[in-house]
file data.txt (compact mmCIF, C-alpha atoms)
# COMPACT_ATOMS: atom_id res chain seq x y z
CA MET S 22 0.00 0.00 0.00
CA THR S 23 1.22 3.49 -0.83
CA HIS S 24 2.26 5.60 2.14
CA ARG S 25 1.76 9.36 2.35
CA ARG S 26 5.07 10.90 3.43
CA ILE S 27 4.71 14.07 5.52
CA TRP S 28 7.61 15.87 7.17
CA LEU S 29 6.93 18.26 10.03
CA VAL S 30 9.39 20.77 11.48
CA ALA S 31 8.64 22.53 14.77
CA GLY S 32 11.04 24.82 16.62
CA GLU S 33 9.64 25.33 20.14
CA ASP S 34 7.14 24.01 22.69
CA SER S 35 4.06 25.78 21.27
CA GLY S 36 4.77 24.37 17.82
CA ASP S 37 5.32 20.94 19.33
CA GLN S 38 1.84 21.05 20.88
CA LEU S 39 0.30 22.07 17.54
CA GLY S 40 2.29 19.36 15.78
CA ALA S 41 1.04 16.66 18.15
CA LYS S 42 -2.60 17.57 17.52
CA LEU S 43 -1.93 17.76 13.78
CA ILE S 44 -0.41 14.26 13.80
CA ARG S 45 -3.50 12.84 15.55
CA ALA S 46 -5.79 14.55 13.06
CA LEU S 47 -3.72 13.45 10.06
CA ARG S 48 -3.90 9.83 11.17
CA ALA S 49 -7.64 10.09 11.75
CA LEU S 50 -8.34 11.60 8.31
CA SER S 51 -5.77 10.03 6.00
CA PRO S 52 -7.07 7.23 3.74
CA GLU S 53 -3.44 6.06 3.37
CA PRO S 54 -0.86 5.01 5.95
CA LEU S 55 1.44 7.86 6.95
CA THR S 56 5.20 8.03 7.16
CA LEU S 57 6.27 10.99 9.29
CA GLY S 58 9.60 12.61 9.99
CA GLY S 59 11.28 15.89 10.84
CA VAL S 60 11.79 17.80 14.09
CA GLY S 61 9.51 17.90 17.11
CA GLY S 62 9.36 17.74 20.89
CA GLU S 63 7.90 15.60 23.63
CA ALA S 64 4.26 16.07 22.63
CA MET S 65 4.93 14.98 19.03
CA GLU S 66 7.10 12.10 20.21
CA ALA S 67 4.25 10.93 22.44
CA GLU S 68 2.31 10.46 19.18
CA GLY S 69 5.00 8.09 17.88
CA PHE S 70 6.95 10.78 16.02
CA ARG S 71 10.75 10.40 15.98
CA SER S 72 12.56 13.74 16.01
CA LEU S 73 15.81 14.18 14.14
CA PHE S 74 17.28 15.86 17.25
CA PRO S 75 16.01 17.36 20.54
CA ILE S 76 13.85 20.42 19.93
CA ASP S 77 15.64 22.24 22.78
CA ASP S 78 18.62 22.64 20.43
CA VAL S 79 16.64 25.19 18.37
CA ALA S 80 14.07 26.54 20.86
CA VAL S 81 15.89 29.85 21.29
CA MET S 82 14.29 33.33 21.44
CA GLY S 83 15.84 36.79 21.49
CA TYR S 84 18.77 38.32 19.63
CA LEU S 85 21.47 37.61 22.22
CA PRO S 86 20.52 33.95 22.91
CA VAL S 87 20.38 33.31 19.15
CA LEU S 88 23.83 34.82 18.66
CA ALA S 89 25.22 32.79 21.55
CA ARG S 90 24.02 29.53 19.96
CA ALA S 91 24.46 30.49 16.31
CA ARG S 92 26.81 27.61 15.46
CA THR S 93 24.45 25.00 16.89
CA LEU S 94 21.44 26.57 15.17
CA LEU S 95 23.15 26.69 11.77
CA ARG S 96 24.24 23.06 12.12
CA ARG S 97 20.73 21.96 13.04
CA ILE S 98 19.27 23.93 10.10
CA ARG S 99 21.65 22.15 7.72
CA GLU S 100 20.84 18.74 9.22
CA THR S 101 17.10 19.37 8.97
CA VAL S 102 17.35 20.48 5.34
CA ASP S 103 19.48 17.45 4.45
CA ASP S 104 16.96 15.16 6.14
CA VAL S 105 14.02 16.64 4.22
CA VAL S 106 15.87 16.46 0.91
CA ALA S 107 16.91 12.83 1.54
CA ALA S 108 13.34 11.83 2.46
CA SER S 109 11.77 13.78 -0.44
CA PRO S 110 8.33 13.73 1.21
CA ASP S 111 4.98 14.56 -0.36
CA VAL S 112 4.67 17.75 1.70
CA LEU S 113 6.69 19.71 4.28
CA VAL S 114 4.80 21.39 7.14
CA ILE S 115 6.77 23.98 9.10
CA ILE S 116 5.19 24.93 12.43
CA ASP S 117 5.64 28.43 13.92
CA SER S 118 9.17 29.55 15.03
CA PRO S 119 9.89 31.40 11.76
CA GLY S 120 13.48 32.17 12.73
CA PHE S 121 14.26 28.45 12.48
CA THR S 122 11.53 27.01 10.25
CA HIS S 123 11.73 29.68 7.55
CA ALA S 124 15.50 29.17 7.35
CA VAL S 125 14.80 25.49 6.72
CA ALA S 126 12.04 26.19 4.18
CA THR S 127 14.08 28.63 2.06
CA ARG S 128 16.92 26.12 1.76
CA VAL S 129 14.61 23.19 1.03
CA ARG S 130 12.86 25.18 -1.71
CA LYS S 131 16.20 25.71 -3.50
CA ARG S 132 16.99 22.01 -3.46
CA LEU S 133 13.46 20.61 -3.91
CA PRO S 134 11.66 23.33 -5.88
CA HIS S 135 8.50 21.24 -6.46
CA LEU S 136 7.98 20.18 -2.85
CA PRO S 137 4.85 21.83 -1.38
CA ILE S 138 5.64 23.74 1.82
CA ILE S 139 2.88 24.68 4.28
CA ASP S 140 3.44 27.16 7.11
CA TYR S 141 1.27 26.30 10.13
CA VAL S 142 0.94 29.59 12.10
CA SER S 143 1.33 32.90 10.30
CA PRO S 144 4.09 35.24 11.41
CA SER S 145 2.64 38.49 12.78
CA VAL S 146 2.99 40.31 9.46
CA TRP S 147 -0.17 42.27 10.29
CA ALA S 148 1.52 43.76 13.37
CA TRP S 149 5.10 44.48 12.39
CA ARG S 150 7.52 44.05 9.46
CA PRO S 151 4.63 43.68 6.98
CA TRP S 152 7.04 43.17 4.06
CA ARG S 153 7.63 39.65 5.38
CA ALA S 154 4.29 38.56 3.87
CA LYS S 155 5.43 39.16 0.30
CA GLY S 156 8.85 37.77 1.18
CA MET S 157 7.28 34.41 2.06
CA VAL S 158 5.83 33.85 -1.41
CA PRO S 159 8.98 32.30 -2.97
CA PHE S 160 9.21 29.51 -0.39
CA ILE S 161 5.73 29.09 1.20
CA ASP S 162 2.81 27.68 -0.79
CA HIS S 163 0.07 27.95 1.85
CA VAL S 164 -0.29 29.47 5.31
CA LEU S 165 -2.59 27.94 7.93
CA ALA S 166 -3.69 30.86 10.12
CA LEU S 167 -4.74 30.71 13.76
CA LEU S 168 -6.45 34.12 13.80
CA PRO S 169 -9.51 34.99 11.68
CA PHE S 170 -8.17 38.31 10.33
CA GLU S 171 -4.89 36.86 9.02
CA PRO S 172 -6.06 35.64 5.56
CA GLU S 173 -7.18 39.17 4.67
CA ALA S 174 -3.88 40.56 5.97
CA HIS S 175 -1.90 38.24 3.68
CA ARG S 176 -4.14 39.11 0.73
CA ARG S 177 -3.66 42.83 1.39
CA LEU S 178 0.10 42.51 1.86
CA GLY S 179 0.69 40.24 -1.14
CA GLY S 180 1.53 37.16 0.92
CA PRO S 181 0.99 33.47 0.15
CA ALA S 182 -2.41 31.80 -0.02
CA CYS S 183 -3.77 31.72 3.52
CA THR S 184 -6.64 29.85 5.18
CA TYR S 185 -8.03 30.37 8.67
CA VAL S 186 -8.04 26.96 10.37
CA GLY S 187 -8.84 28.14 13.89
CA HIS S 188 -6.90 28.65 17.08
CA PRO S 189 -6.10 25.55 19.17
CA LEU S 190 -7.76 27.22 22.16
CA ILE S 191 -11.11 26.56 20.45
CA GLU S 192 -10.54 22.88 21.23
CA ARG S 193 -10.22 23.70 24.94
CA LEU S 194 -13.39 25.70 25.54
CA SER S 195 -14.70 23.16 28.05
CA GLU S 196 -11.58 23.78 30.16
CA LEU S 197 -12.05 27.56 30.00
CA ARG S 198 -15.81 27.96 30.51
CA PRO S 199 -17.17 27.97 34.09
CA SER S 200 -19.54 25.40 35.52
CA PRO S 201 -22.65 26.75 37.29
CA ASP S 202 -20.83 26.51 40.65
CA GLU S 203 -17.79 28.33 39.26
CA ALA S 204 -20.01 31.00 37.67
CA ALA S 205 -21.53 31.58 41.13
CA ILE S 206 -18.03 32.04 42.58
CA ARG S 207 -17.25 34.50 39.77
CA GLU S 208 -20.23 36.65 40.72
CA GLY S 209 -19.95 36.15 44.47
CA ARG S 210 -17.99 37.74 47.31
CA PRO S 211 -15.14 38.12 47.86
CA PRO S 212 -14.37 38.28 44.14
CA ILE S 213 -11.23 36.73 42.64
CA LEU S 214 -8.78 38.78 40.60
CA ALA S 215 -6.56 36.78 38.23
CA VAL S 216 -3.10 38.29 37.81
CA LEU S 217 -1.00 37.21 34.81
CA PRO S 218 2.44 38.90 34.69
CA GLY S 219 3.67 37.18 31.53
CA SER S 220 5.61 34.09 30.48
CA ARG S 221 9.04 35.57 29.80
CA ARG S 222 11.54 36.57 32.45
CA SER S 223 11.83 40.17 31.21
CA GLU S 224 8.04 40.62 31.26
CA ILE S 225 7.76 39.25 34.77
CA GLU S 226 10.57 41.40 36.13
CA ARG S 227 9.03 44.58 34.70
CA LEU S 228 5.38 43.89 35.53
CA MET S 229 5.43 42.17 38.93
CA PRO S 230 6.27 45.35 40.89
CA VAL S 231 3.63 47.36 39.01
CA PHE S 232 1.03 44.64 39.45
CA GLY S 233 1.78 44.38 43.18
CA GLN S 234 1.18 48.11 43.63
CA THR S 235 -1.94 47.88 41.46
CA VAL S 236 -3.64 45.28 43.65
CA SER S 237 -2.90 47.39 46.74
CA GLU S 238 -4.45 50.44 45.09
CA LEU S 239 -7.39 48.37 43.85
CA ALA S 240 -8.11 47.11 47.37
CA ARG S 241 -8.37 50.69 48.59
CA ARG S 242 -10.96 51.36 45.88
CA VAL S 243 -13.15 48.25 45.93
CA GLY S 244 -12.58 46.54 49.27
CA PRO S 245 -11.55 42.92 49.89
CA PHE S 246 -10.88 40.45 47.10
CA GLU S 247 -8.73 37.37 46.56
CA ILE S 248 -5.74 37.28 44.22
CA GLU S 249 -4.79 34.21 42.20
CA LEU S 250 -1.60 34.25 40.16
CA PRO S 251 -1.05 31.35 37.74
CA ALA S 252 2.75 31.08 37.47
CA VAL S 253 4.70 29.81 34.49
CA SER S 254 6.51 26.74 35.81
CA ARG S 255 9.97 27.66 34.59
CA HIS S 256 9.74 31.07 36.31
CA ARG S 257 8.05 29.89 39.50
CA ALA S 258 10.97 30.82 41.79
CA LEU S 259 11.28 34.30 40.25
CA ILE S 260 7.56 35.00 40.65
CA GLU S 261 7.53 33.78 44.24
CA ARG S 262 10.55 35.93 45.09
CA LEU S 263 9.05 39.08 43.54
CA ALA S 264 5.64 38.46 45.14
CA VAL S 265 7.18 38.63 48.62
CA ALA S 266 7.37 42.43 48.24
CA TRP S 267 3.61 42.73 47.57
CA GLU S 268 1.52 44.32 50.31
CA ARG S 269 -1.32 41.93 49.45
CA GLN S 270 -0.07 38.38 48.89
CA PRO S 271 -1.44 36.39 45.94
CA ARG S 272 -2.21 32.70 45.94
CA ILE S 273 0.28 31.38 43.41
CA VAL S 274 -0.94 28.36 41.43
CA HIS S 275 0.93 26.14 39.03
CA GLY S 276 0.09 24.13 35.91
CA GLU S 277 -2.39 24.48 33.07
CA ALA S 278 -5.28 22.88 34.96
CA ALA S 279 -4.88 25.28 37.90
CA LYS S 280 -4.59 28.24 35.54
CA HIS S 281 -7.81 27.36 33.76
CA ALA S 282 -9.56 26.80 37.09
CA THR S 283 -8.57 30.36 38.03
CA PHE S 284 -9.99 31.65 34.75
CA ARG S 285 -13.29 29.87 35.35
CA ARG S 286 -13.70 31.53 38.76
CA ALA S 287 -12.11 34.96 38.22
CA ARG S 288 -14.32 38.04 38.20
CA ALA S 289 -11.69 40.08 36.35
CA ALA S 290 -8.04 39.86 35.29
CA LEU S 291 -4.92 41.99 35.14
CA ALA S 292 -2.79 40.50 32.38
CA ALA S 293 0.35 41.02 30.35
CA SER S 294 -0.33 41.25 26.63
CA GLY S 295 -0.04 37.89 24.88
CA THR S 296 -1.93 34.70 24.10
CA VAL S 297 -3.25 34.64 27.68
CA THR S 298 -5.56 37.54 26.77
CA LEU S 299 -7.25 35.27 24.20
CA GLU S 300 -7.61 32.53 26.84
CA LEU S 301 -9.23 35.04 29.18
CA ALA S 302 -11.52 36.29 26.41
CA LEU S 303 -12.72 32.78 25.59
CA ALA S 304 -13.26 32.19 29.31
CA GLY S 305 -15.41 35.35 29.43
CA VAL S 306 -13.20 37.18 31.95
CA PRO S 307 -13.18 41.01 31.72
CA MET S 308 -9.61 42.25 31.72
CA VAL S 309 -7.18 45.11 31.76
CA VAL S 310 -4.03 44.53 29.72
CA ALA S 311 -0.58 45.94 30.47
CA TYR S 312 2.85 45.79 28.88
CA LYS S 313 6.30 47.26 29.45
CA VAL S 314 9.47 46.78 27.42
CA SER S 315 12.95 48.30 27.50
CA ARG S 316 13.52 51.78 26.09
CA ILE S 317 15.37 50.36 23.07
CA GLU S 318 12.56 47.87 22.35
CA GLU S 319 10.04 50.70 22.66
CA VAL S 320 11.84 52.80 20.06
CA ILE S 321 12.03 49.85 17.66
CA ALA S 322 8.39 48.91 18.25
CA ARG S 323 7.11 52.43 17.56
CA ARG S 324 8.83 52.32 14.17
CA LEU S 325 7.67 48.83 13.19
CA ILE S 326 4.28 48.07 14.77
CA GLN S 327 1.46 48.58 12.28
CA VAL S 328 -1.67 47.97 14.39
CA PRO S 329 -3.68 50.25 16.72
CA THR S 330 -3.73 47.65 19.54
CA ILE S 331 -1.50 44.83 20.75
CA VAL S 332 -4.35 42.90 22.40
CA LEU S 333 -5.43 39.83 20.41
CA PRO S 334 -9.15 39.96 21.38
CA ASN S 335 -9.24 43.61 20.26
CA LEU S 336 -7.70 42.69 16.91
CA ILE S 337 -10.24 39.89 16.45
CA LEU S 338 -13.14 42.20 17.29
CA SER S 339 -11.73 45.18 15.33
CA GLU S 340 -12.37 47.40 18.34
CA ASN S 341 -10.43 48.34 21.47
CA ALA S 342 -12.86 46.69 23.88
CA MET S 343 -10.16 45.52 26.31
CA PRO S 344 -8.32 48.51 27.86
CA GLU S 345 -4.55 48.39 27.44
CA PHE S 346 -1.83 50.37 29.17
CA VAL S 347 1.63 50.32 27.63
CA GLN S 348 4.94 51.78 28.81
CA GLY S 349 4.41 55.14 30.58
CA ASP S 350 0.66 54.56 30.77
CA CYS S 351 1.25 51.32 32.69
CA THR S 352 0.90 52.74 36.21
CA PRO S 353 -0.79 51.33 39.33
CA GLU S 354 -3.23 54.24 39.46
CA ARG S 355 -4.42 53.82 35.87
CA LEU S 356 -4.58 50.04 36.05
CA ALA S 357 -6.48 50.04 39.34
CA GLY S 358 -8.79 52.81 38.20
CA THR S 359 -9.81 50.80 35.14
CA LEU S 360 -10.04 47.48 36.99
CA ALA S 361 -12.28 48.85 39.76
CA PRO S 362 -15.51 49.06 37.70
CA LEU S 363 -14.81 45.63 36.18
CA MET S 364 -14.60 44.16 39.67
CA ALA S 365 -17.54 46.11 41.13
CA GLY S 366 -19.95 45.73 38.23
CA GLY S 367 -21.90 48.24 36.20
CA PRO S 368 -21.84 49.61 32.64
CA ALA S 369 -18.07 49.16 32.05
CA ARG S 370 -18.22 45.50 33.05
CA ARG S 371 -21.36 44.86 30.99
CA THR S 372 -19.87 46.53 27.91
CA GLN S 373 -16.77 44.36 28.07
CA LEU S 374 -18.78 41.18 28.71
CA ASP S 375 -20.89 41.96 25.63
CA ALA S 376 -17.71 42.34 23.56
CA LEU S 377 -16.28 39.08 24.91
CA ALA S 378 -19.50 37.28 23.95
CA ARG S 379 -18.82 38.16 20.30
CA ILE S 380 -15.39 36.47 20.26
CA ASP S 381 -16.89 33.00 19.72
CA GLY S 382 -18.67 34.02 16.55
CA ARG S 383 -15.51 35.49 15.09
CA MET S 384 -13.34 32.46 15.84
CA ARG S 385 -15.56 29.45 15.21
CA LEU S 386 -15.11 27.46 12.01
CA THR S 387 -17.89 26.40 9.66
CA GLY S 388 -19.59 23.35 11.09
CA ASP S 389 -17.60 23.77 14.31
CA GLU S 390 -14.73 21.75 12.83
CA GLU S 391 -11.79 21.38 15.20
CA PRO S 392 -8.73 23.46 14.20
CA SER S 393 -6.37 20.49 14.07
CA ARG S 394 -8.73 18.61 11.73
CA ALA S 395 -9.14 21.69 9.51
CA ALA S 396 -5.35 21.97 9.28
CA ALA S 397 -4.92 18.25 8.60
CA ARG S 398 -7.55 18.30 5.86
CA ILE S 399 -5.64 20.99 3.96
CA VAL S 400 -2.31 19.21 4.43
CA LEU S 401 -3.77 16.00 3.03
CA GLU S 402 -5.27 17.83 0.05
CA VAL S 403 -1.84 18.98 -1.08
CA ARG S 404 -0.27 16.94 -3.86
CA ARG S 405 3.30 17.23 -4.99
CA ALA S 406 3.77 18.71 -8.45
CA ALA S 407 5.05 16.30 -11.06

call {"tool": "encode", "arguments": {"input": "data.txt", "output": "structure tokens"}}
result
Amino acid sequence: MTHRRIWLVAGEDSGDQLGAKLIRALRALSPEPLTLGGVGGEAMEAEGFRSLFPIDDVAVMGYLPVLARARTLLRRIRETVDDVVAASPDVLVIIDSPGFTHAVATRVRKRLPHLPIIDYVSPSVWAWRPWRAKGMVPFIDHVLALLPFEPEAHRRLGGPACTYVGHPLIERLSELRPSPDEAAIREGRPPILAVLPGSRRSEIERLMPVFGQTVSELARRVGPFEIELPAVSRHRALIERLAVAWERQPRIVHGEAAKHATFRRARAALAASGTVTLELALAGVPMVVAYKVSRIEEVIARRLIQVPTIVLPNLILSENAMPEFVQGDCTPERLAGTLAPLMAGGPARRTQLDALARIDGRMRLTGDEEPSRAAARIVLEVRRAA
């Protein structure tokens, strides 16, 4: 029997999680046996995938860490390209991590010009460096987008063909939505404030002091409430150390299950900008979003960022429904002043809840197809050119 040969290349943990779900969906939908290869992590390996090398070798972010490991990265790029060329699969799927995966794709395209290459997760061309969209055309045949506005962005910017396949969070709605008992806790007293200071060390170091002062100021405005802080496991010690200085101590929780339990019970949230804002939106939690970067990063961002908001739910809704406070505007007084009516209730809270209720309609796929199955269906439709 003929096997369908699909090579997948992921470059970090988030791509590994997407890759694992894609593998399950591919096996469920494929009428032919599959032969898989490429680069992945523990989640993909748990699906029987054998990675060419440990994903940690290429899971590097930031200019300085990349420079420090440049020799290893270049070697792993060469090895990945050689592996794809030797296998000559029916399709190559690169998953997120454009710094690594795009370097692989450009080199593969030169050596196997007829091999279809699919990019699973669009780079943020709609937010900054928009010229990257057109630059992808020579080596990417199709983009599978996680956000509903991305296909139009690629069309407008002259990028590759792009299809919205849905965000993986859609598959986890049951984990994010409150039960009747949890909904009662959300509306009861004392209310719970979820505090999310980010997933990167630099974010946490900049926002934890501001967030600590914010909850103190908020308590003076609205009275007693509980604070739950879901901590990123790899930065647990840092968060615990910085939280010691807070006047009001948070309950620090760990793990995805505990984080989602907090979301299901929280009356409101104070969050760093990032994917967590989309999780909160799907959980129906009103929020205030904050972000602070270094002065150099601020100067660069002001030159390159092309969108009026950095909050994903706002971009999906095409309106600034979730208040955001960036750089100099990110102060305890402003954050607490905006959080207070969300905690207490009233028109501001109702307006944001109404906006959050519209997120589902914007993100759902036709027929409520799961994102991983939508992505797998497109991958399986691709045929190599003769």

call {"tool": "closest_residue", "arguments": {"input": "data.txt", "among": "S:Arg207, S:Lys155, S:Arg130, S:Arg371", "to": "Arg286 in chain S", "atoms": "only C-alpha atoms"}}
result
S:Arg207

call {"tool": "closest_residue", "arguments": {"input": "data.txt", "among": "S:Leu178, S:Leu168, S:Ala67, S:Ile27", "to": "Ile115 in chain S", "atoms": "only C-alpha atoms"}}
result
S:Ile27

call {"tool": "closest_residue", "arguments": {"input": "data.txt", "among": "S:Pro75, S:Tyr312, S:Ile380, S:Ala397", "to": "Asp350 in chain S", "atoms": "all atoms listed in the file"}}
result
S:Tyr312

call {"tool": "residues_around", "arguments": {"input": "data.txt", "residues": "Pro271 in chain S", "least_positions_apart": "5", "cutoff": "9 Å", "atoms": "only C-alpha atoms", "output": "list in words"}}
result
Val216, Glu247, Ile248, Glu249, Leu250 and Ala264 of chain S

call {"tool": "residues_near_point", "arguments": {"input": "data.txt", "point": "(-6.6, 11.7, 12.9)", "cutoff": "12 Å", "atoms": "all atoms listed in the file", "output": "PDB file with C-alpha atoms, in the frame of the given file"}}
result
ATOM      1  CA  ALA S  41       1.040  16.660  18.150  1.00  0.00           C
ATOM      2  CA  LYS S  42      -2.600  17.570  17.520  1.00  0.00           C
ATOM      3  CA  LEU S  43      -1.930  17.760  13.780  1.00  0.00           C
ATOM      4  CA  ILE S  44      -0.410  14.260  13.800  1.00  0.00           C
ATOM      5  CA  ARG S  45      -3.500  12.840  15.550  1.00  0.00           C
ATOM      6  CA  ALA S  46      -5.790  14.550  13.060  1.00  0.00           C
ATOM      7  CA  LEU S  47      -3.720  13.450  10.060  1.00  0.00           C
ATOM      8  CA  ARG S  48      -3.900   9.830  11.170  1.00  0.00           C
ATOM      9  CA  ALA S  49      -7.640  10.090  11.750  1.00  0.00           C
ATOM     10  CA  LEU S  50      -8.340  11.600   8.310  1.00  0.00           C
ATOM     11  CA  SER S  51      -5.770  10.030   6.000  1.00  0.00           C
ATOM     12  CA  PRO S  52      -7.070   7.230   3.740  1.00  0.00           C
ATOM     13  CA  GLU S  53      -3.440   6.060   3.370  1.00  0.00           C
ATOM     14  CA  PRO S  54      -0.860   5.010   5.950  1.00  0.00           C
ATOM     15  CA  LEU S  55       1.440   7.860   6.950  1.00  0.00           C
ATOM     16  CA  GLU S  68       2.310  10.460  19.180  1.00  0.00           C
ATOM     17  CA  GLU S 391     -11.790  21.380  15.200  1.00  0.00           C
ATOM     18  CA  SER S 393      -6.370  20.490  14.070  1.00  0.00           C
ATOM     19  CA  ARG S 394      -8.730  18.610  11.730  1.00  0.00           C
ATOM     20  CA  ALA S 395      -9.140  21.690   9.510  1.00  0.00           C
ATOM     21  CA  ALA S 396      -5.350  21.970   9.280  1.00  0.00           C
ATOM     22  CA  ALA S 397      -4.920  18.250   8.600  1.00  0.00           C
ATOM     23  CA  ARG S 398      -7.550  18.300   5.860  1.00  0.00           C
ATOM     24  CA  LEU S 401      -3.770  16.000   3.030  1.00  0.00           C
TER      25      LEU S 401
END

call {"tool": "atom_distance", "arguments": {"input": "data.txt", "atom1": "CA of Gly358 in chain S", "atom2": "CA of Ser237 in chain S"}}
result
11.7 Å

call {"tool": "closest_residue", "arguments": {"input": "data.txt", "among": "S:Ala166, S:Val102, S:Leu197, S:Leu363", "to": "Thr184 in chain S", "atoms": "only C-alpha atoms"}}
result
S:Ala166

call {"tool": "residues_around", "arguments": {"input": "data.txt", "residues": "His256 in chain S", "least_positions_apart": "5", "cutoff": "9 Å", "atoms": "all atoms listed in the file", "output": "JSON, numbers by chain"}}
result
{"S": [220, 221, 222, 225, 261]}

call {"tool": "write_last_selection", "arguments": {"input": "data.txt", "atoms": "C-alpha atoms", "output": "compact mmCIF listing (two decimals), in the coordinates of the input"}}
result
# COMPACT_ATOMS: atom_id res chain seq x y z
CA SER S 220 5.61 34.09 30.48
CA ARG S 221 9.04 35.57 29.80
CA ARG S 222 11.54 36.57 32.45
CA ILE S 225 7.76 39.25 34.77
CA GLU S 261 7.53 33.78 44.24

call {"tool": "residues_around", "arguments": {"input": "data.txt", "residues": "Thr235 in chain S", "least_positions_apart": "5", "cutoff": "8 Å", "atoms": "all atoms listed in the file", "output": "list in words"}}
result
Thr352, Pro353, Glu354, Leu356 and Ala357 of chain S

call {"tool": "atom_distance", "arguments": {"input": "data.txt", "atom1": "CA of Glu33 in chain S", "atom2": "CA of Val146 in chain S"}}
result
19.6 Å

call {"tool": "axis_aligned_box", "arguments": {"input": "data.txt", "around": "range 290-296 of chain S", "padding_each_side": "5 Å", "output": "lines of an AutoDock Vina configuration file"}}
result
center_x = -3.8
center_y = 38.3
center_z = 29.7
size_x = 18.4
size_y = 17.3
size_z = 21.2

call {"tool": "residues_around", "arguments": {"input": "data.txt", "residues": "Arg177 in chain S", "least_positions_apart": "2", "cutoff": "12 Å", "atoms": "all atoms listed in the file", "output": "list of chain:residue names"}}
result
S:Val146, S:Trp147, S:Pro151, S:Trp152, S:Ala154, S:Lys155, S:Phe170, S:Glu171, S:Pro172, S:Glu173, S:Ala174, S:His175, S:Gly179, S:Gly180, S:Pro181, S:Ala182, S:Cys183

call {"tool": "residues_around", "arguments": {"input": "data.txt", "residues": "range 277-282 of chain S", "least_positions_apart": "5", "cutoff": "10 Å", "atoms": "all atoms listed in the file", "output": "PyMOL selection string"}}
result
chain S and resi 193+195-199+203+215+217+249-254+287+300-301+304

call {"tool": "write_last_selection", "arguments": {"input": "data.txt", "atoms": "C-alpha atoms", "output": "PDB file, in the frame of the given file"}}
result
ATOM      1  CA  ARG S 193     -10.220  23.700  24.940  1.00  0.00           C
ATOM      2  CA  SER S 195     -14.700  23.160  28.050  1.00  0.00           C
ATOM      3  CA  GLU S 196     -11.580  23.780  30.160  1.00  0.00           C
ATOM      4  CA  LEU S 197     -12.050  27.560  30.000  1.00  0.00           C
ATOM      5  CA  ARG S 198     -15.810  27.960  30.510  1.00  0.00           C
ATOM      6  CA  PRO S 199     -17.170  27.970  34.090  1.00  0.00           C
ATOM      7  CA  GLU S 203     -17.790  28.330  39.260  1.00  0.00           C
ATOM      8  CA  ALA S 215      -6.560  36.780  38.230  1.00  0.00           C
ATOM      9  CA  LEU S 217      -1.000  37.210  34.810  1.00  0.00           C
ATOM     10  CA  GLU S 249      -4.790  34.210  42.200  1.00  0.00           C
ATOM     11  CA  LEU S 250      -1.600  34.250  40.160  1.00  0.00           C
ATOM     12  CA  PRO S 251      -1.050  31.350  37.740  1.00  0.00           C
ATOM     13  CA  ALA S 252       2.750  31.080  37.470  1.00  0.00           C
ATOM     14  CA  VAL S 253       4.700  29.810  34.490  1.00  0.00           C
ATOM     15  CA  SER S 254       6.510  26.740  35.810  1.00  0.00           C
ATOM     16  CA  ALA S 287     -12.110  34.960  38.220  1.00  0.00           C
ATOM     17  CA  GLU S 300      -7.610  32.530  26.840  1.00  0.00           C
ATOM     18  CA  LEU S 301      -9.230  35.040  29.180  1.00  0.00           C
ATOM     19  CA  ALA S 304     -13.260  32.190  29.310  1.00  0.00           C
TER      20      ALA S 304
END

call {"tool": "closest_residue", "arguments": {"input": "data.txt", "among": "S:Gly120, S:Gly62, S:Gly388, S:Pro344", "to": "Thr298 in chain S", "atoms": "only C-alpha atoms"}}
result
S:Pro344

call {"tool": "atom_distance", "arguments": {"input": "data.txt", "atom1": "CA of Gly295 in chain S", "atom2": "CA of Val164 in chain S"}}
result
21.3 Å

call {"tool": "closest_residue", "arguments": {"input": "data.txt", "among": "S:Pro201, S:Glu63, S:His275, S:Leu214", "to": "Arg257 in chain S", "atoms": "only C-alpha atoms"}}
result
S:His275

call {"tool": "residues_near_point", "arguments": {"input": "data.txt", "point": "(-3.2, 46.3, 28.1)", "cutoff": "8 Å", "atoms": "only C-alpha atoms", "output": "PDB file with C-alpha atoms, in the coordinates of the input"}}
result
ATOM      1  CA  ALA S 292      -2.790  40.500  32.380  1.00  0.00           C
ATOM      2  CA  ALA S 293       0.350  41.020  30.350  1.00  0.00           C
ATOM      3  CA  SER S 294      -0.330  41.250  26.630  1.00  0.00           C
ATOM      4  CA  VAL S 309      -7.180  45.110  31.760  1.00  0.00           C
ATOM      5  CA  VAL S 310      -4.030  44.530  29.720  1.00  0.00           C
ATOM      6  CA  ALA S 311      -0.580  45.940  30.470  1.00  0.00           C
ATOM      7  CA  TYR S 312       2.850  45.790  28.880  1.00  0.00           C
ATOM      8  CA  ILE S 331      -1.500  44.830  20.750  1.00  0.00           C
ATOM      9  CA  VAL S 332      -4.350  42.900  22.400  1.00  0.00           C
ATOM     10  CA  MET S 343     -10.160  45.520  26.310  1.00  0.00           C
ATOM     11  CA  PRO S 344      -8.320  48.510  27.860  1.00  0.00           C
ATOM     12  CA  GLU S 345      -4.550  48.390  27.440  1.00  0.00           C
ATOM     13  CA  PHE S 346      -1.830  50.370  29.170  1.00  0.00           C
ATOM     14  CA  VAL S 347       1.630  50.320  27.630  1.00  0.00           C
TER      15      VAL S 347
END
